[in-house]
Amino acid sequence: MDKIILRKKWEDADLTDDYIFSKVMIDHDICLEVLRRILPQLEIKGIEFPNAQQEISFAPDAHSIRFDIYTTDENNNHYDIEMQVTRADNLAKRIRYYQTASTMESYNKGEPYDNVDDSYVIFFCNFDPFGFNRQQYILKKQITGMTDKVIDDGETDILFDIRSKRHDVSPKMQNFLDMIAQRNVESTDELVVKLKKRMKYVKHNRKWRAEYMRLSLYEMDQKRHEEEIKEKG
């Protein structure tokens, strides 16, 4: 029965599944184009090959963190890209921890703070992350009472509500969000063509399918174990 459930889960999984998302986004050209659409003002020319599910730990006894997608560009800007389907009340603090991890990766020992690289934490959420009915949230530090002043500390958090139909983003960015949300999308968009081709490749990869089913089975076993503990009080 579990195998049937897991096979169906794999067949139904789309870009909102963080495993599928990471396997699609490790494609260098796709990841680069997505970042260009999110941050056109940076005029990103190239990025390192993206790492999927990269784990970072500050210390042996510290809480480790696993990035869905992590990469850097030619100017050593750091990018963490996450798919978030489950609503979490502690999302803001989670973003803070991700930003801390990303920032720590950008510090080189012995160099002055002025040389620290900029870091961007980007979340694609299957819900409105802050409940203000916006399609995109860009978070920067500000001074209370001086909302027109932004503290340039090199950290930027960007969150998207992929369900939103407000169309507050650029047409190209909207195409990507529509693709994630499985809405009708412009088929002539080169990124959309690449995404569809990549999705087929991922779904036909037997190694990844086996890994996905193994991880899903582990999650199912963990959930059952937790439920048994609750029942026993």
# chains A, B, ... in the order shown; residues from 1 in each chain; ligands from 1
>>> residues_around(residues="Ile122 of chain A", least_positions_apart="2", cutoff="10 Å", atoms="only C-alpha atoms", output="list of chain:residue names")
A:Leu35, A:Ile38, A:Ile69, A:Tyr79, A:Asp80, A:Ile81, A:Glu82, A:Met83, A:Ile95, A:Tyr98, A:Gln99, A:Ser119, A:Tyr120, A:Phe124, A:Cys125, A:Tyr137, A:Ile138, A:Thr156, A:Asp157, A:Ile158, A:Leu159, A:Phe160
>>> closest_residue(among="A:Asn77, A:Pro171, A:Asp128, A:Ile30", to="Glu43 of chain A", atoms="only C-alpha atoms")
A:Asn77
>>> residues_around(residues="Glu186 of chain A", least_positions_apart="2", cutoff="7 Å", atoms="only C-alpha atoms", output="ChimeraX atom specification")
/A:175,188-189
>>> write_last_selection(atoms="all heavy atoms", output="tab-separated table (two decimals), in the first residue's frame")
chain	number	residue	atom	x	y	z
A	175	ASN	N	5.28	34.90	-15.28
A	175	ASN	CA	5.28	33.61	-15.98
A	175	ASN	C	5.87	32.51	-15.12
A	175	ASN	O	5.36	31.37	-15.09
A	175	ASN	CB	6.09	33.71	-17.28
A	175	ASN	CG	5.31	34.37	-18.40
A	175	ASN	OD1	4.08	34.51	-18.33
A	175	ASN	ND2	6.01	34.78	-19.44
A	188	THR	N	5.61	30.51	-25.20
A	188	THR	CA	6.77	30.95	-25.97
A	188	THR	C	7.90	31.49	-25.10
A	188	THR	O	8.98	31.79	-25.59
A	188	THR	CB	6.36	32.05	-26.98
A	188	THR	OG1	5.77	33.15	-26.27
A	188	THR	CG2	5.36	31.50	-27.99
A	189	ASP	N	7.63	31.63	-23.81
A	189	ASP	CA	8.65	32.08	-22.87
A	189	ASP	C	9.75	31.01	-22.81
A	189	ASP	O	9.48	29.85	-22.49
A	189	ASP	CB	8.04	32.29	-21.49
A	189	ASP	CG	9.01	32.90	-20.48
A	189	ASP	OD1	10.21	32.58	-20.54
A	189	ASP	OD2	8.57	33.67	-19.63
>>> atom_distance(atom1="atom CA of Met213 of chain A", atom2="atom CA of Pro129 of chain A")
28.8 Å
>>> residues_around(residues="His167 of chain A", least_positions_apart="4", cutoff="12 Å", atoms="only C-alpha atoms", output="PyMOL selection string")
chain A and resi 133-136+160-163+171-178
>>> write_last_selection(atoms="N, CA, C and O atoms", output="mmCIF file, in the first residue's frame")
data_model
loop_
_atom_site.group_PDB
_atom_site.id
_atom_site.type_symbol
_atom_site.label_atom_id
_atom_site.label_comp_id
_atom_site.auth_asym_id
_atom_site.auth_seq_id
_atom_site.Cartn_x
_atom_site.Cartn_y
_atom_site.Cartn_z
ATOM 1 N N ASN A 133 -1.825 40.679 1.794
ATOM 2 C CA ASN A 133 -2.372 40.605 0.435
ATOM 3 C C ASN A 133 -1.442 41.199 -0.611
ATOM 4 O O ASN A 133 -1.839 41.983 -1.471
ATOM 5 N N ARG A 134 -0.176 40.800 -0.522
ATOM 6 C CA ARG A 134 0.800 41.234 -1.514
ATOM 7 C C ARG A 134 1.350 40.015 -2.236
ATOM 8 O O ARG A 134 1.429 38.921 -1.672
ATOM 9 N N GLN A 135 1.745 40.226 -3.473
ATOM 10 C CA GLN A 135 2.316 39.127 -4.248
ATOM 11 C C GLN A 135 3.807 38.964 -3.948
ATOM 12 O O GLN A 135 4.339 37.862 -4.002
ATOM 13 N N GLN A 136 4.446 40.070 -3.628
ATOM 14 C CA GLN A 136 5.883 40.057 -3.346
ATOM 15 C C GLN A 136 6.189 40.923 -2.135
ATOM 16 O O GLN A 136 5.658 42.016 -1.988
ATOM 17 N N PHE A 160 7.602 35.519 -2.136
ATOM 18 C CA PHE A 160 6.519 35.569 -3.108
ATOM 19 C C PHE A 160 5.361 34.690 -2.636
ATOM 20 O O PHE A 160 5.578 33.601 -2.093
ATOM 21 N N ASP A 161 4.142 35.175 -2.851
ATOM 22 C CA ASP A 161 2.949 34.349 -2.674
ATOM 23 C C ASP A 161 2.598 33.820 -4.056
ATOM 24 O O ASP A 161 2.059 34.551 -4.897
ATOM 25 N N ILE A 162 2.928 32.554 -4.329
ATOM 26 C CA ILE A 162 2.744 32.017 -5.677
ATOM 27 C C ILE A 162 1.274 31.871 -6.044
ATOM 28 O O ILE A 162 0.933 31.767 -7.225
ATOM 29 N N ARG A 163 0.380 31.879 -5.069
ATOM 30 C CA ARG A 163 -1.052 31.766 -5.360
ATOM 31 C C ARG A 163 -1.647 33.082 -5.826
ATOM 32 O O ARG A 163 -2.690 33.116 -6.481
ATOM 33 N N PRO A 171 6.111 40.882 -16.125
ATOM 34 C CA PRO A 171 5.487 39.791 -16.893
ATOM 35 C C PRO A 171 6.324 38.506 -16.904
ATOM 36 O O PRO A 171 5.785 37.412 -16.802
ATOM 37 N N LYS A 172 7.639 38.650 -17.016
ATOM 38 C CA LYS A 172 8.501 37.462 -17.040
ATOM 39 C C LYS A 172 8.502 36.755 -15.687
ATOM 40 O O LYS A 172 8.498 35.527 -15.618
ATOM 41 N N MET A 173 8.530 37.546 -14.615
ATOM 42 C CA MET A 173 8.474 36.948 -13.283
ATOM 43 C C MET A 173 7.113 36.308 -13.059
ATOM 44 O O MET A 173 7.005 35.242 -12.441
ATOM 45 N N GLN A 174 6.064 36.943 -13.575
ATOM 46 C CA GLN A 174 4.714 36.384 -13.447
ATOM 47 C C GLN A 174 4.625 35.029 -14.141
ATOM 48 O O GLN A 174 3.981 34.104 -13.634
ATOM 49 N N ASN A 175 5.281 34.896 -15.282
ATOM 50 C CA ASN A 175 5.285 33.609 -15.983
ATOM 51 C C ASN A 175 5.868 32.506 -15.115
ATOM 52 O O ASN A 175 5.358 31.374 -15.087
ATOM 53 N N PHE A 176 6.953 32.834 -14.407
ATOM 54 C CA PHE A 176 7.577 31.829 -13.542
ATOM 55 C C PHE A 176 6.652 31.456 -12.387
ATOM 56 O O PHE A 176 6.484 30.284 -12.058
ATOM 57 N N LEU A 177 6.017 32.456 -11.778
ATOM 58 C CA LEU A 177 5.086 32.183 -10.677
ATOM 59 C C LEU A 177 3.889 31.383 -11.168
ATOM 60 O O LEU A 177 3.411 30.462 -10.481
ATOM 61 N N ASP A 178 3.397 31.701 -12.363
ATOM 62 C CA ASP A 178 2.275 30.952 -12.935
ATOM 63 C C ASP A 178 2.674 29.504 -13.207
ATOM 64 O O ASP A 178 1.865 28.586 -13.051
#
